[in-house]
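Student: Structure file work-v9.txt, compact mmCIF, C-alpha atoms, is pasted below:
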# COMPACT_ATOMS: atom_id res chain seq x y z
CA MET A 1 0.00 0.00 0.00
CA LEU A 2 2.82 2.38 0.95
CA GLU A 3 4.72 1.51 -2.20
CA LYS A 4 1.62 2.19 -4.30
CA SER A 5 1.17 5.61 -2.66
CA LYS A 6 4.81 6.47 -3.35
CA LYS A 7 4.36 5.61 -7.02
CA SER A 8 1.20 7.71 -7.25
CA LEU A 9 2.93 10.66 -5.60
CA PHE A 10 5.96 10.33 -7.88
CA SER A 11 3.67 10.20 -10.92
CA LEU A 12 1.83 13.34 -9.78
CA VAL A 13 5.06 15.26 -9.15
CA ARG A 14 6.45 14.19 -12.51
CA LYS A 15 3.25 15.27 -14.27
CA PHE A 16 3.25 18.64 -12.51
CA GLY A 17 6.91 19.13 -13.38
CA SER A 18 6.35 18.34 -17.05
CA GLU A 19 3.34 20.70 -17.22
CA LYS A 20 5.34 23.47 -15.56
CA SER A 21 8.17 22.91 -18.03
CA ALA A 22 5.72 23.05 -20.95
CA ILE A 23 4.29 26.34 -19.70
CA ILE A 24 7.74 27.90 -19.33
CA GLN A 25 8.70 26.75 -22.83
CA ASN A 26 5.44 28.12 -24.21
CA ILE A 27 6.07 31.53 -22.61
CA ALA A 28 9.61 31.52 -23.99
CA TRP A 29 8.33 30.87 -27.51
CA LEU A 30 5.73 33.66 -27.23
CA PHE A 31 8.36 36.07 -25.90
CA PHE A 32 10.68 35.12 -28.77
CA ASP A 33 7.81 35.87 -31.16
CA ARG A 34 7.40 39.37 -29.71
CA ILE A 35 11.12 40.15 -29.84
CA VAL A 36 11.51 39.02 -33.46
CA ARG A 37 8.47 40.95 -34.60
CA MET A 38 9.46 44.05 -32.67
CA GLY A 39 13.05 44.08 -33.93
CA VAL A 40 12.61 43.04 -37.56
CA GLY A 41 9.23 44.82 -37.82
CA LEU A 42 10.63 48.14 -36.64
CA PHE A 43 13.68 47.92 -38.92
CA VAL A 44 11.76 46.97 -42.07
CA GLY A 45 8.79 49.19 -41.16
CA VAL A 46 11.03 52.25 -40.89
CA TRP A 47 12.69 51.36 -44.20
CA VAL A 48 9.28 51.05 -45.88
CA ALA A 49 8.18 54.37 -44.34
CA ARG A 50 11.27 56.16 -45.66
CA TYR A 51 10.74 54.66 -49.12
CA LEU A 52 7.02 55.41 -49.40
CA GLY A 53 7.23 58.93 -48.00
CA VAL A 54 4.78 60.60 -45.64
CA GLN A 55 1.79 60.71 -48.01
CA GLN A 56 1.84 57.08 -49.17
CA PHE A 57 2.84 55.78 -45.73
CA GLY A 58 -0.18 57.64 -44.40
CA SER A 59 -2.47 56.11 -47.02
CA PHE A 60 -1.27 52.62 -46.14
CA ASN A 61 -1.72 53.16 -42.39
CA TYR A 62 -5.14 54.73 -42.91
CA ALA A 63 -6.24 51.62 -44.82
CA THR A 64 -4.73 49.34 -42.15
CA ALA A 65 -6.51 51.21 -39.34
CA PHE A 66 -9.80 51.17 -41.26
CA VAL A 67 -9.65 47.39 -41.71
CA ALA A 68 -8.66 46.89 -38.05
CA LEU A 69 -11.79 48.79 -36.99
CA PHE A 70 -13.94 45.94 -38.35
CA ASN A 71 -11.67 43.05 -37.30
CA PRO A 72 -13.68 42.09 -34.17
CA LEU A 73 -16.41 40.90 -36.55
CA THR A 74 -13.87 38.40 -37.89
CA THR A 75 -12.54 37.15 -34.56
CA LEU A 76 -16.04 37.19 -32.98
CA GLY A 77 -14.44 37.22 -29.52
CA LEU A 78 -14.07 33.44 -29.71
CA ASP A 79 -10.37 33.00 -28.86
CA ALA A 80 -10.47 32.37 -25.10
CA LEU A 81 -13.89 30.66 -25.25
CA VAL A 82 -12.73 28.11 -27.81
CA ILE A 83 -9.51 27.33 -25.93
CA ARG A 84 -11.50 26.88 -22.72
CA SER A 85 -14.00 24.59 -24.48
CA ILE A 86 -11.25 22.37 -25.91
CA VAL A 87 -9.57 22.06 -22.52
CA ARG A 88 -12.87 21.14 -20.86
CA GLU A 89 -14.08 18.75 -23.57
CA PRO A 90 -11.11 17.49 -25.60
CA GLU A 91 -13.20 14.62 -26.99
CA LEU A 92 -15.27 17.23 -28.91
CA LYS A 93 -12.15 18.75 -30.52
CA ASP A 94 -13.26 18.33 -34.15
CA GLU A 95 -16.74 19.67 -33.45
CA ILE A 96 -15.43 22.71 -31.56
CA LEU A 97 -12.78 23.51 -34.17
CA GLY A 98 -15.17 22.97 -37.09
CA THR A 99 -17.89 25.16 -35.63
CA THR A 100 -15.35 27.87 -34.81
CA PHE A 101 -13.87 27.76 -38.32
CA TRP A 102 -17.22 28.24 -40.06
CA LEU A 103 -18.28 30.97 -37.65
CA LYS A 104 -15.02 32.85 -38.25
CA LEU A 105 -15.30 32.37 -42.00
CA ALA A 106 -18.86 33.73 -42.04
CA GLY A 107 -17.76 36.65 -39.86
CA ALA A 108 -14.83 37.35 -42.19
CA ILE A 109 -17.08 37.48 -45.26
CA VAL A 110 -19.51 39.86 -43.53
CA CYS A 111 -16.55 41.93 -42.32
CA LEU A 112 -15.08 42.12 -45.84
CA LEU A 113 -18.38 43.32 -47.32
CA LEU A 114 -18.92 45.90 -44.57
CA THR A 115 -15.34 47.19 -44.75
CA VAL A 116 -15.22 47.59 -48.52
CA GLY A 117 -18.75 49.01 -48.60
CA SER A 118 -17.93 51.56 -45.90
CA ILE A 119 -14.67 52.75 -47.46
CA PHE A 120 -16.38 53.07 -50.84
CA VAL A 121 -18.99 55.37 -49.28
CA LEU A 122 -16.34 57.44 -47.48
CA ARG A 123 -13.79 57.61 -50.32
CA GLN A 124 -15.56 56.64 -53.52
CA ASP A 125 -13.28 58.94 -55.54
CA ASP A 126 -10.10 57.48 -54.03
CA GLN A 127 -9.58 54.21 -55.90
CA LEU A 128 -6.16 53.63 -54.34
CA THR A 129 -7.48 53.63 -50.77
CA VAL A 130 -10.49 51.50 -51.71
CA GLY A 131 -8.14 48.99 -53.34
CA LEU A 132 -5.79 48.93 -50.35
CA VAL A 133 -8.68 48.32 -47.95
CA ALA A 134 -10.11 45.55 -50.17
CA ILE A 135 -6.75 43.74 -50.32
CA LEU A 136 -6.04 44.05 -46.58
CA ALA A 137 -9.59 43.09 -45.58
CA THR A 138 -9.37 39.89 -47.65
CA ALA A 139 -6.87 38.59 -45.07
CA GLY A 140 -9.80 38.12 -42.69
CA ILE A 141 -10.98 35.11 -44.70
CA LEU A 142 -7.61 33.43 -44.21
CA HIS A 143 -7.75 34.24 -40.49
CA ALA A 144 -10.54 31.67 -40.18
CA PHE A 145 -7.69 29.13 -40.09
CA ASP A 146 -6.48 30.73 -36.85
CA THR A 147 -8.74 28.05 -35.43
CA ILE A 148 -5.68 25.79 -35.66
CA ASP A 149 -3.79 28.18 -33.38
CA PHE A 150 -6.54 27.77 -30.76
CA TRP A 151 -5.82 24.04 -30.72
CA PHE A 152 -2.08 24.57 -30.26
CA GLN A 153 -2.74 27.09 -27.48
CA SER A 154 -5.05 24.64 -25.71
CA GLN A 155 -2.23 22.06 -25.80
CA VAL A 156 0.38 24.60 -24.63
CA GLN A 157 2.20 24.18 -27.97
CA SER A 158 2.38 27.74 -29.27
CA LYS A 159 5.84 27.05 -30.71
CA TYR A 160 4.19 25.65 -33.86
CA THR A 161 2.24 28.85 -34.38
CA VAL A 162 5.32 30.98 -33.65
CA VAL A 163 7.46 29.04 -36.14
CA ALA A 164 4.77 29.14 -38.86
CA ARG A 165 4.00 32.84 -38.52
CA ASN A 166 7.55 34.03 -37.97
CA THR A 167 8.74 32.11 -41.00
CA ALA A 168 6.09 33.91 -43.04
CA PHE A 169 6.94 37.21 -41.33
CA ILE A 170 10.66 36.97 -42.14
CA ILE A 171 10.02 35.87 -45.75
CA ILE A 172 7.68 38.80 -46.36
CA ALA A 173 10.09 41.18 -44.61
CA LEU A 174 12.68 40.15 -47.20
CA VAL A 175 10.07 40.54 -49.96
CA LYS A 176 9.40 44.11 -48.78
CA VAL A 177 13.10 44.87 -48.99
CA VAL A 178 13.09 43.54 -52.57
CA LEU A 179 10.02 45.68 -53.34
CA ILE A 180 11.86 48.74 -52.08
CA LYS A 181 14.88 47.92 -54.26
CA MET A 182 12.55 47.42 -57.25
CA GLN A 183 10.80 50.74 -56.46
CA ALA A 184 7.47 48.94 -56.37
CA PRO A 185 4.17 50.86 -56.05
CA LEU A 186 2.27 51.20 -52.78
CA VAL A 187 -0.30 48.54 -53.66
CA ALA A 188 2.49 45.94 -53.84
CA PHE A 189 3.08 46.35 -50.10
CA ALA A 190 -0.61 45.65 -49.44
CA TRP A 191 -0.32 42.43 -51.46
CA ALA A 192 2.81 41.57 -49.46
CA THR A 193 0.85 42.00 -46.23
CA LEU A 194 -1.84 39.66 -47.55
CA GLY A 195 0.90 37.26 -48.64
CA GLU A 196 2.26 37.14 -45.09
CA VAL A 197 -1.15 36.03 -43.78
CA ALA A 198 -1.44 33.44 -46.56
CA LEU A 199 2.01 32.00 -45.84
CA GLY A 200 1.34 31.96 -42.10
CA THR A 201 -1.94 30.14 -42.70
CA ALA A 202 -0.22 27.57 -44.91
CA GLY A 203 2.37 27.07 -42.17
CA LEU A 204 -0.33 26.47 -39.56
CA ILE A 205 -2.04 23.88 -41.76
CA ILE A 206 1.26 22.10 -42.42
CA ALA A 207 2.12 22.06 -38.69
CA TYR A 208 -1.35 20.74 -37.84
CA ARG A 209 -1.06 17.96 -40.43
CA PHE A 210 2.52 17.23 -39.30
CA LYS A 211 1.16 16.54 -35.80
CA GLY A 212 -1.14 13.94 -37.36
CA TYR A 213 -4.44 15.86 -37.25
CA SER A 214 -7.04 16.29 -39.99
CA ILE A 215 -8.88 19.51 -40.83
CA LEU A 216 -12.03 17.53 -41.68
CA TRP A 217 -13.83 19.17 -38.76
CA ARG A 218 -17.55 19.00 -37.94
CA TRP A 219 -20.20 21.72 -37.65
CA SER A 220 -22.61 21.97 -34.68
CA LEU A 221 -25.48 24.45 -34.74
CA SER A 222 -26.14 24.08 -31.01
CA LEU A 223 -22.48 24.71 -30.19
CA ALA A 224 -22.45 27.73 -32.51
CA LYS A 225 -25.41 29.22 -30.63
CA THR A 226 -23.69 28.57 -27.30
CA LEU A 227 -20.42 30.18 -28.41
CA LEU A 228 -22.12 33.26 -29.88
CA THR A 229 -24.29 33.68 -26.79
CA GLU A 230 -21.13 33.85 -24.68
CA SER A 231 -19.03 35.84 -27.12
CA TRP A 232 -21.27 38.80 -28.01
CA PRO A 233 -20.06 40.92 -25.03
CA LEU A 234 -16.49 40.17 -26.15
CA ILE A 235 -17.36 41.26 -29.70
CA LEU A 236 -18.64 44.59 -28.35
CA SER A 237 -15.53 44.91 -26.20
CA GLY A 238 -13.32 44.21 -29.21
CA LEU A 239 -15.12 46.83 -31.31
CA THR A 240 -14.74 49.35 -28.49
CA ILE A 241 -11.02 48.64 -28.16
CA MET A 242 -10.50 48.99 -31.91
CA ILE A 243 -12.34 52.32 -31.92
CA TYR A 244 -10.19 53.33 -28.99
CA MET A 245 -6.92 52.31 -30.67
CA ARG A 246 -7.52 53.20 -34.35
CA ILE A 247 -10.11 55.96 -34.59
CA ASP A 248 -7.45 58.67 -34.30
CA GLN A 249 -5.79 57.61 -37.58
CA ILE A 250 -9.13 57.30 -39.36
CA MET A 251 -10.33 60.71 -38.16
CA LEU A 252 -6.98 62.26 -39.10
CA GLY A 253 -7.30 60.81 -42.59
CA GLN A 254 -10.86 62.08 -42.99
CA MET A 255 -10.42 65.50 -41.38
CA VAL A 256 -6.87 66.47 -42.40
CA GLY A 257 -5.45 64.05 -44.95
CA ASP A 258 -3.24 60.99 -45.39
CA GLU A 259 -0.03 62.97 -44.87
CA ALA A 260 -1.15 63.69 -41.31
CA VAL A 261 -1.77 59.97 -40.84
CA GLY A 262 1.76 59.24 -42.07
CA LEU A 263 3.35 61.59 -39.52
CA TYR A 264 1.14 60.28 -36.72
CA SER A 265 1.84 56.64 -37.64
CA ALA A 266 5.60 57.24 -37.56
CA ALA A 267 5.29 58.64 -34.03
CA THR A 268 3.02 55.87 -32.74
CA ARG A 269 5.23 53.16 -34.24
CA ILE A 270 7.97 54.29 -31.82
CA SER A 271 5.61 55.09 -28.94
CA GLU A 272 3.71 51.79 -29.01
CA VAL A 273 6.75 49.54 -29.47
CA TRP A 274 7.09 49.50 -25.67
CA TYR A 275 3.59 48.16 -25.03
CA PHE A 276 4.69 44.52 -25.00
CA ILE A 277 6.57 45.13 -21.72
CA PRO A 278 3.55 45.46 -19.36
CA THR A 279 1.80 42.54 -21.05
CA ALA A 280 4.83 40.26 -20.63
CA ILE A 281 5.41 41.24 -17.00
CA SER A 282 1.74 41.21 -15.95
CA SER A 283 1.00 37.83 -17.52
CA SER A 284 3.94 36.35 -15.60
CA VAL A 285 2.97 37.93 -12.27
CA ALA A 286 -0.82 37.44 -12.51
CA PRO A 287 -0.88 33.82 -11.23
CA SER A 288 0.93 34.85 -8.01
CA ILE A 289 -1.59 37.68 -7.53
CA TYR A 290 -4.54 35.29 -7.91
CA ALA A 291 -2.88 32.87 -5.49
CA ALA A 292 -2.23 35.64 -2.94
CA LYS A 293 -5.92 36.52 -2.88
CA GLN A 294 -6.60 33.04 -1.50
CA VAL A 295 -4.03 33.58 1.27
CA SER A 296 -4.69 37.09 2.59
CA GLU A 297 -6.08 40.44 1.46
CA GLU A 298 -2.93 42.21 2.64
CA LEU A 299 -0.56 40.03 0.62
CA TYR A 300 -2.91 40.30 -2.38
CA TYR A 301 -2.82 44.10 -2.45
CA GLN A 302 0.91 44.19 -1.72
CA ARG A 303 1.58 42.23 -4.89
CA ILE A 304 -0.79 44.35 -6.97
CA LYS A 305 0.85 47.50 -5.63
CA LYS A 306 4.35 46.19 -6.42
CA LEU A 307 3.31 45.31 -9.97
CA ILE A 308 1.70 48.69 -10.67
CA ARG A 309 4.61 50.60 -9.09
CA LEU A 310 7.15 48.62 -11.14
CA LEU A 311 5.32 49.34 -14.38
CA VAL A 312 4.86 53.03 -13.49
CA MET A 313 8.63 53.30 -12.95
CA ILE A 314 9.42 51.56 -16.23
CA SER A 315 6.96 53.76 -18.14
CA LEU A 316 8.51 56.92 -16.69
CA VAL A 317 12.00 55.69 -17.58
CA VAL A 318 10.75 55.38 -21.16
CA ALA A 319 8.58 58.53 -21.35
CA VAL A 320 10.79 61.16 -19.71
CA PRO A 321 13.90 60.89 -21.93
CA MET A 322 11.79 60.21 -25.04
CA SER A 323 10.03 63.55 -24.52
CA PHE A 324 13.35 65.36 -24.95
CA ILE A 325 14.85 63.33 -27.80
CA SER A 326 11.65 62.59 -29.74
CA THR A 327 12.51 64.74 -32.77
CA THR A 328 16.05 63.35 -32.90
CA ILE A 329 14.73 59.78 -32.78
CA ILE A 330 12.19 60.43 -35.54
CA THR A 331 14.62 62.14 -37.93
CA LEU A 332 17.31 59.54 -37.24
CA LEU A 333 14.98 56.65 -38.06
CA PHE A 334 12.50 58.04 -40.58
CA GLY A 335 14.40 60.96 -42.11
CA ASN A 336 13.87 64.72 -42.22
CA GLY A 337 10.61 64.33 -44.12
CA TYR A 338 9.03 63.03 -40.91
CA ALA A 339 10.54 65.67 -38.57
CA ALA A 340 7.08 67.05 -37.70
CA ALA A 341 6.28 63.69 -36.09
CA GLY A 342 8.78 64.49 -33.33
CA SER A 343 6.37 66.75 -31.45
CA ILE A 344 3.64 64.13 -31.80
CA LEU A 345 5.92 61.44 -30.33
CA GLY A 346 6.92 63.76 -27.46
CA ILE A 347 3.27 63.91 -26.39
CA HIS A 348 2.02 60.45 -27.40
CA ILE A 349 4.77 58.68 -25.44
CA TRP A 350 3.03 59.77 -22.20
CA ALA A 351 0.10 57.53 -23.04
CA ALA A 352 2.49 54.68 -22.14
CA VAL A 353 2.27 55.62 -18.45
CA PHE A 354 -1.46 55.02 -18.42
CA VAL A 355 -1.29 52.00 -20.73
CA PHE A 356 1.18 50.37 -18.32
CA ILE A 357 -1.08 51.20 -15.34
CA GLY A 358 -4.13 49.85 -17.15
CA VAL A 359 -2.48 46.55 -18.07
CA ALA A 360 -1.18 46.12 -14.50
CA SER A 361 -4.65 46.79 -13.09
CA ASN A 362 -6.28 44.16 -15.31
CA SER A 363 -5.14 41.44 -12.89
CA TRP A 364 -7.16 43.12 -10.15
CA PHE A 365 -10.30 43.35 -12.31
CA ILE A 366 -10.03 39.66 -13.21
CA ALA A 367 -9.31 38.56 -9.63
CA GLU A 368 -12.29 40.57 -8.38
CA GLY A 369 -14.61 39.30 -11.13
CA LEU A 370 -15.21 42.84 -12.40
CA THR A 371 -14.51 42.33 -16.11
CA GLN A 372 -17.77 44.12 -16.98
CA LEU A 373 -16.41 47.24 -15.28
CA ALA A 374 -13.18 46.83 -17.23
CA PHE A 375 -15.30 47.04 -20.39
CA ARG A 376 -17.05 50.11 -18.95
CA ARG A 377 -13.77 51.99 -18.52
CA THR A 378 -12.68 51.07 -22.05
CA LEU A 379 -15.99 52.40 -23.39
CA MET A 380 -15.51 55.65 -21.47
CA GLY A 381 -12.04 56.03 -22.94
CA ALA A 382 -13.30 55.36 -26.46
CA VAL A 383 -16.09 57.95 -26.19
CA VAL A 384 -13.72 60.58 -24.79
CA ASN A 385 -11.17 59.77 -27.50
CA VAL A 386 -13.67 60.31 -30.32
CA ILE A 387 -14.95 63.59 -28.83
CA LEU A 388 -11.46 64.99 -28.21
CA ASN A 389 -10.26 63.97 -31.66
CA TRP A 390 -13.25 65.71 -33.20
CA LEU A 391 -12.45 68.88 -31.22
CA LEU A 392 -8.66 68.92 -31.49
CA ILE A 393 -7.74 67.43 -34.89
CA PRO A 394 -9.08 70.31 -37.07
CA ALA A 395 -6.82 72.82 -35.30
CA TYR A 396 -3.83 70.73 -34.23
CA ALA A 397 -3.84 67.67 -36.55
CA GLY A 398 -1.54 64.90 -35.25
CA VAL A 399 -0.57 66.80 -32.11
CA GLY A 400 -4.27 67.11 -31.26
CA ALA A 401 -4.77 63.37 -31.82
CA ALA A 402 -1.81 62.63 -29.52
CA VAL A 403 -3.26 64.86 -26.78
CA ALA A 404 -6.62 63.10 -27.20
CA THR A 405 -4.92 59.70 -26.85
CA VAL A 406 -3.09 60.63 -23.65
CA ILE A 407 -6.19 62.12 -22.01
CA SER A 408 -8.47 59.24 -23.02
CA GLN A 409 -5.92 56.67 -21.82
CA ALA A 410 -5.69 58.52 -18.50
CA ILE A 411 -9.47 58.47 -18.13
CA ALA A 412 -9.83 54.81 -19.12
CA SER A 413 -6.96 53.40 -17.05
CA PHE A 414 -6.98 55.76 -14.08
CA PHE A 415 -9.66 58.40 -13.52
CA SER A 416 -12.60 56.16 -14.51
CA ASN A 417 -11.87 54.03 -11.46
CA ALA A 418 -13.05 56.91 -9.27
CA THR A 419 -16.52 56.85 -10.84
CA HIS A 420 -17.69 53.52 -9.41
CA ALA A 421 -17.81 52.39 -5.79
CA LYS A 422 -16.33 48.96 -6.60
CA THR A 423 -13.27 50.37 -8.36
CA ARG A 424 -12.35 53.13 -5.92
CA LYS A 425 -10.19 50.67 -4.01
CA ILE A 426 -7.89 50.16 -7.00
CA ILE A 427 -7.51 53.87 -7.76
CA LYS A 428 -6.23 54.39 -4.22
CA VAL A 429 -3.58 51.76 -4.92
CA GLN A 430 -2.76 53.41 -8.26
CA ILE A 431 -2.32 56.83 -6.59
CA LYS A 432 0.02 55.36 -3.97
CA CYS A 433 2.16 53.90 -6.74
CA PHE A 434 3.07 57.44 -7.85
CA LEU A 435 4.34 58.20 -4.34
CA PRO A 436 7.91 56.88 -4.04
CA PHE A 437 7.97 56.66 -0.23
CA ASP A 438 4.50 55.25 0.45
Any chance you could give the structure as structure tokens?
Tutor:
Amino acid sequence: MLEKSKKSLFSLVRKFGSEKSAIIQNIAWLFFDRIVRMGVGLFVGVWVARYLGVQQFGSFNYATAFVALFNPLTTLGLDALVIRSIVREPELKDEILGTTFWLKLAGAIVCLLLTVGSIFVLRQDDQLTVGLVAILATAGILHAFDTIDFWFQSQVQSKYTVVARNTAFIIIALVKVVLIKMQAPLVAFAWATLGEVALGTAGLIIAYRFKGYSILWRWSLSLAKTLLTESWPLILSGLTIMIYMRIDQIMLGQMVGDEAVGLYSAATRISEVWYFIPTAISSSVAPSIYAAKQVSEELYYQRIKKLIRLLVMISLVVAVPMSFISTTIITLLFGNGYAAAGSILGIHIWAAVFVFIGVASNSWFIAEGLTQLAFRRTLMGAVVNVILNWLLIPAYAGVGAAVATVISQAIASFFSNATHAKTRKIIKVQIKCFLPFD
């Protein structure tokens, strides 16, 4: 009996150890993915920006932002729900994946029609922009195969997705360099972007087949209804976030012109490159915060406070010097043609402080079961962002959009927490994190 217990205990420890090792490896692969994309993406992106010039770079980023605005209709907020469903009911794998695939495909087709129809109404005399949007929006159909990625995530095997997509990313990065050398037109870079999605999709299918699985999935109407019933709040949340993140570029393009979008996009490319830091740190610390809540309230809030304070310090280390060298950074990377983006970067970089605070605070909202209030603060930020852009862009163009972003981020991540009784506890913690000796 004792020997049997020892064997059971050894088996349990070995299983836990292997699962822990798999999780660490998975995180490492995801972090590698971020680093590669950040490094190569910034280098090639800057090269493309210098080649295209402010006007064409603005047109491309306007089209990209316009397509992104409709993307939640393609994803349908299914990501986490599908992964959860596979983990809970692995025997229904083919049914879950098949239903998800057809839902995403239907959403992508609707999204494509809405996107192209909307841009045609807004810019019916601008054939170039309409064409760019149509090409970029077509990628949504291929994204239906992201269903395969959900399976790999559920099995803690993201390395297959990382290898597939980064292979495509690096190939297309080289293609973009060739396009620059060939002095290719703007539309060629849109086709290259679509090509990256196509290659990444092919890589996912190959990896899935290599693991011995078949894509002959099954459809379930009842499961589709269940998934959509759960996902509609996430769809609304996704739409709100996209409005929040992309409406400034779209409003700049409509109210000022594509050149203003080009300058603004150059600034935000540098400003937003730091946003992976809070996500990486918070996702690593979050489990210890959830565990601390089960131990004691004091330990729980100590860990939240340490996380927020750490991210506030990092954001200030980034924002303060960047404010002074913003124009130098822009001209060094993008060239003198983008010099006006320096003042935009000097302001927009301060949004990082509130982005970092917001990401750090997400662990508290999840631990407290207040995700609906997290959506509420995002909605407040989106509304404020649209209003401020409408007021400031006509007079101040990209600088006005940057001011609107900083203020709306501050409201969403910080000040909105003072407007509800349940979130006032976290704003007190956030305030203390700005006090170095508290």
Student: Take the point (3.4, 54.6, -15.6) as written in the file and pick out every residue within 12 Å of it, counting all atoms listed in the file; give the list as a PyMOL selection string.
Tutor: chain A and resi 274-275+277-278+307-320+349-361+406+409-410+413-414+430-431+433-435
Student: Compile the contact shell of segment 188-190 of chain A as a list in words: residues with an atom at most 8 Å away, counting all atoms listed in the file, same-chain residues fewer than 5 positions apart removed.
Tutor: Phe60, Leu132, Ile135, Leu136, Lys176 and Leu179 of chain A
Student: Counting all atoms listed in the file, which residues of segment 381-435 of chain A sit at most 12 Å from some atom of segment 243-264 of chain A, and what is each one's closest atom pair with its distance in Å to one decimal, listed by chain and rising residue number, as a Markdown table?
Tutor:
| residue | atom | partner | partner_atom | distance |
| --- | --- | --- | --- | --- |
| A:Gly381 | CA | A:Tyr244 | CA | 6.9 |
| A:Ala382 | CA | A:Tyr244 | CA | 4.5 |
| A:Val383 | CA | A:Tyr244 | CA | 8.0 |
| A:Val384 | CA | A:Tyr244 | CA | 9.1 |
| A:Asn385 | CA | A:Tyr244 | CA | 6.7 |
| A:Val386 | CA | A:Ile247 | CA | 7.1 |
| A:Ile387 | CA | A:Asp248 | CA | 10.5 |
| A:Leu388 | CA | A:Asp248 | CA | 9.6 |
| A:Asn389 | CA | A:Asp248 | CA | 6.6 |
| A:Trp390 | CA | A:Met251 | CA | 7.6 |
| A:Leu391 | CA | A:Met255 | CA | 10.9 |
| A:Leu392 | CA | A:Leu252 | CA | 10.3 |
| A:Ile393 | CA | A:Leu252 | CA | 6.7 |
| A:Pro394 | CA | A:Met255 | CA | 6.6 |
| A:Ala395 | CA | A:Val256 | CA | 9.5 |
| A:Tyr396 | CA | A:Val256 | CA | 9.7 |
| A:Ala397 | CA | A:Val256 | CA | 6.7 |
| A:Gly398 | CA | A:Tyr264 | CA | 5.5 |
| A:Val399 | CA | A:Tyr264 | CA | 8.2 |
| A:Gly400 | CA | A:Asp248 | CA | 9.5 |
| A:Ala401 | CA | A:Asp248 | CA | 6.0 |
| A:Ala402 | CA | A:Tyr264 | CA | 8.1 |
| A:Val403 | CA | A:Asp248 | CA | 10.6 |
| A:Ala404 | CA | A:Asp248 | CA | 8.4 |
| A:Thr405 | CA | A:Asp248 | CA | 7.9 |
| A:Val406 | CA | A:Tyr244 | CA | 11.5 |
| A:Ile407 | CA | A:Tyr244 | CA | 11.9 |
| A:Ser408 | CA | A:Tyr244 | CA | 8.6 |
| A:Gln409 | CA | A:Tyr244 | CA | 9.0 |
| A:Ala412 | CA | A:Tyr244 | CA | 10.0 |
Student: Can you work out which one of A:Ala134, A:Val121, A:Leu114, A:Ala207 has the shortest atom-to-atom distance to Val163 of chain A, counting only C-alpha atoms?
Tutor: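 When distances to Val163 of chain A are compared using only C-alpha atoms, the smallest one comes from A:Ala207.
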Student: So that I can check the surroundings of Trp364 of chain A, please list as number ranges by chain every protein, DNA and RNA residue that reaches within 12 Å of it, counting only C-alpha atoms and ignoring chain neighbours fewer than 3 positions away.
Tutor: A: 282, 285-290, 292-293, 297, 300-305, 307-308, 357-361, 367-371, 373-374, 417, 422-423, 425-427, 429-430
Student: Can those selected residues be exported to a file as a compact mmCIF listing (two decimals), keeping the file's coordinate frame so that it contains C-alpha atoms?
Tutor:
# COMPACT_ATOMS: atom_id res chain seq x y z
CA SER A 282 1.74 41.21 -15.95
CA VAL A 285 2.97 37.93 -12.27
CA ALA A 286 -0.82 37.44 -12.51
CA PRO A 287 -0.88 33.82 -11.23
CA SER A 288 0.93 34.85 -8.01
CA ILE A 289 -1.59 37.68 -7.53
CA TYR A 290 -4.54 35.29 -7.91
CA ALA A 292 -2.23 35.64 -2.94
CA LYS A 293 -5.92 36.52 -2.88
CA GLU A 297 -6.08 40.44 1.46
CA TYR A 300 -2.91 40.30 -2.38
CA TYR A 301 -2.82 44.10 -2.45
CA GLN A 302 0.91 44.19 -1.72
CA ARG A 303 1.58 42.23 -4.89
CA ILE A 304 -0.79 44.35 -6.97
CA LYS A 305 0.85 47.50 -5.63
CA LEU A 307 3.31 45.31 -9.97
CA ILE A 308 1.70 48.69 -10.67
CA ILE A 357 -1.08 51.20 -15.34
CA GLY A 358 -4.13 49.85 -17.15
CA VAL A 359 -2.48 46.55 -18.07
CA ALA A 360 -1.18 46.12 -14.50
CA SER A 361 -4.65 46.79 -13.09
CA ALA A 367 -9.31 38.56 -9.63
CA GLU A 368 -12.29 40.57 -8.38
CA GLY A 369 -14.61 39.30 -11.13
CA LEU A 370 -15.21 42.84 -12.40
CA THR A 371 -14.51 42.33 -16.11
CA LEU A 373 -16.41 47.24 -15.28
CA ALA A 374 -13.18 46.83 -17.23
CA ASN A 417 -11.87 54.03 -11.46
CA LYS A 422 -16.33 48.96 -6.60
CA THR A 423 -13.27 50.37 -8.36
CA LYS A 425 -10.19 50.67 -4.01
CA ILE A 426 -7.89 50.16 -7.00
CA ILE A 427 -7.51 53.87 -7.76
CA VAL A 429 -3.58 51.76 -4.92
CA GLN A 430 -2.76 53.41 -8.26
Student: One decimal, Å: what's the distance from atom CA of Ile206 of chain A over to atom CA of Trp151 of chain A, could you say?
Tutor: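 Computing it gives 13.8 Å between the two atoms.
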Student: Please report the interatomic distance between atom CA of Ala63 of chain A and atom CA of Leu103 of chain A in Å with one decimal.
Tutor: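 It comes out at 25.0 Å.
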Student: Just checking: using only C-alpha atoms, which residue out of A:Ala184, A:Ile148, A:Leu333, A:Ile411 ends up closest to Ile215 of chain A?
Tutor: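 Of the candidates, the smallest distance to Ile215 of chain A is held by A:Ile148.
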Student: Neighbouring residues of Trp217 of chain A were defined as those with any atom within 8 Å, considering only C-alpha atoms; residues of the same chain fewer than 4 positions away were excluded. Please report them as a ChimeraX atom specification.
Tutor: /A:94-95,97-99
Student: Choose the residue, out of A:Gly53, A:Pro90, A:Gly140, A:Pro185, that has the smallest atom-to-atom separation from Phe70 of chain A; count all atoms listed in the file.
Tutor: A:Gly140
Student: Report, in Å with one decimal, the straight-line distance from atom CA of Ala339 of chain A to atom CA of Val177 of chain A.
Tutor: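 Calculated distance between atom CA of Ala339 of chain A and atom CA of Val177 of chain A is 23.4 Å.
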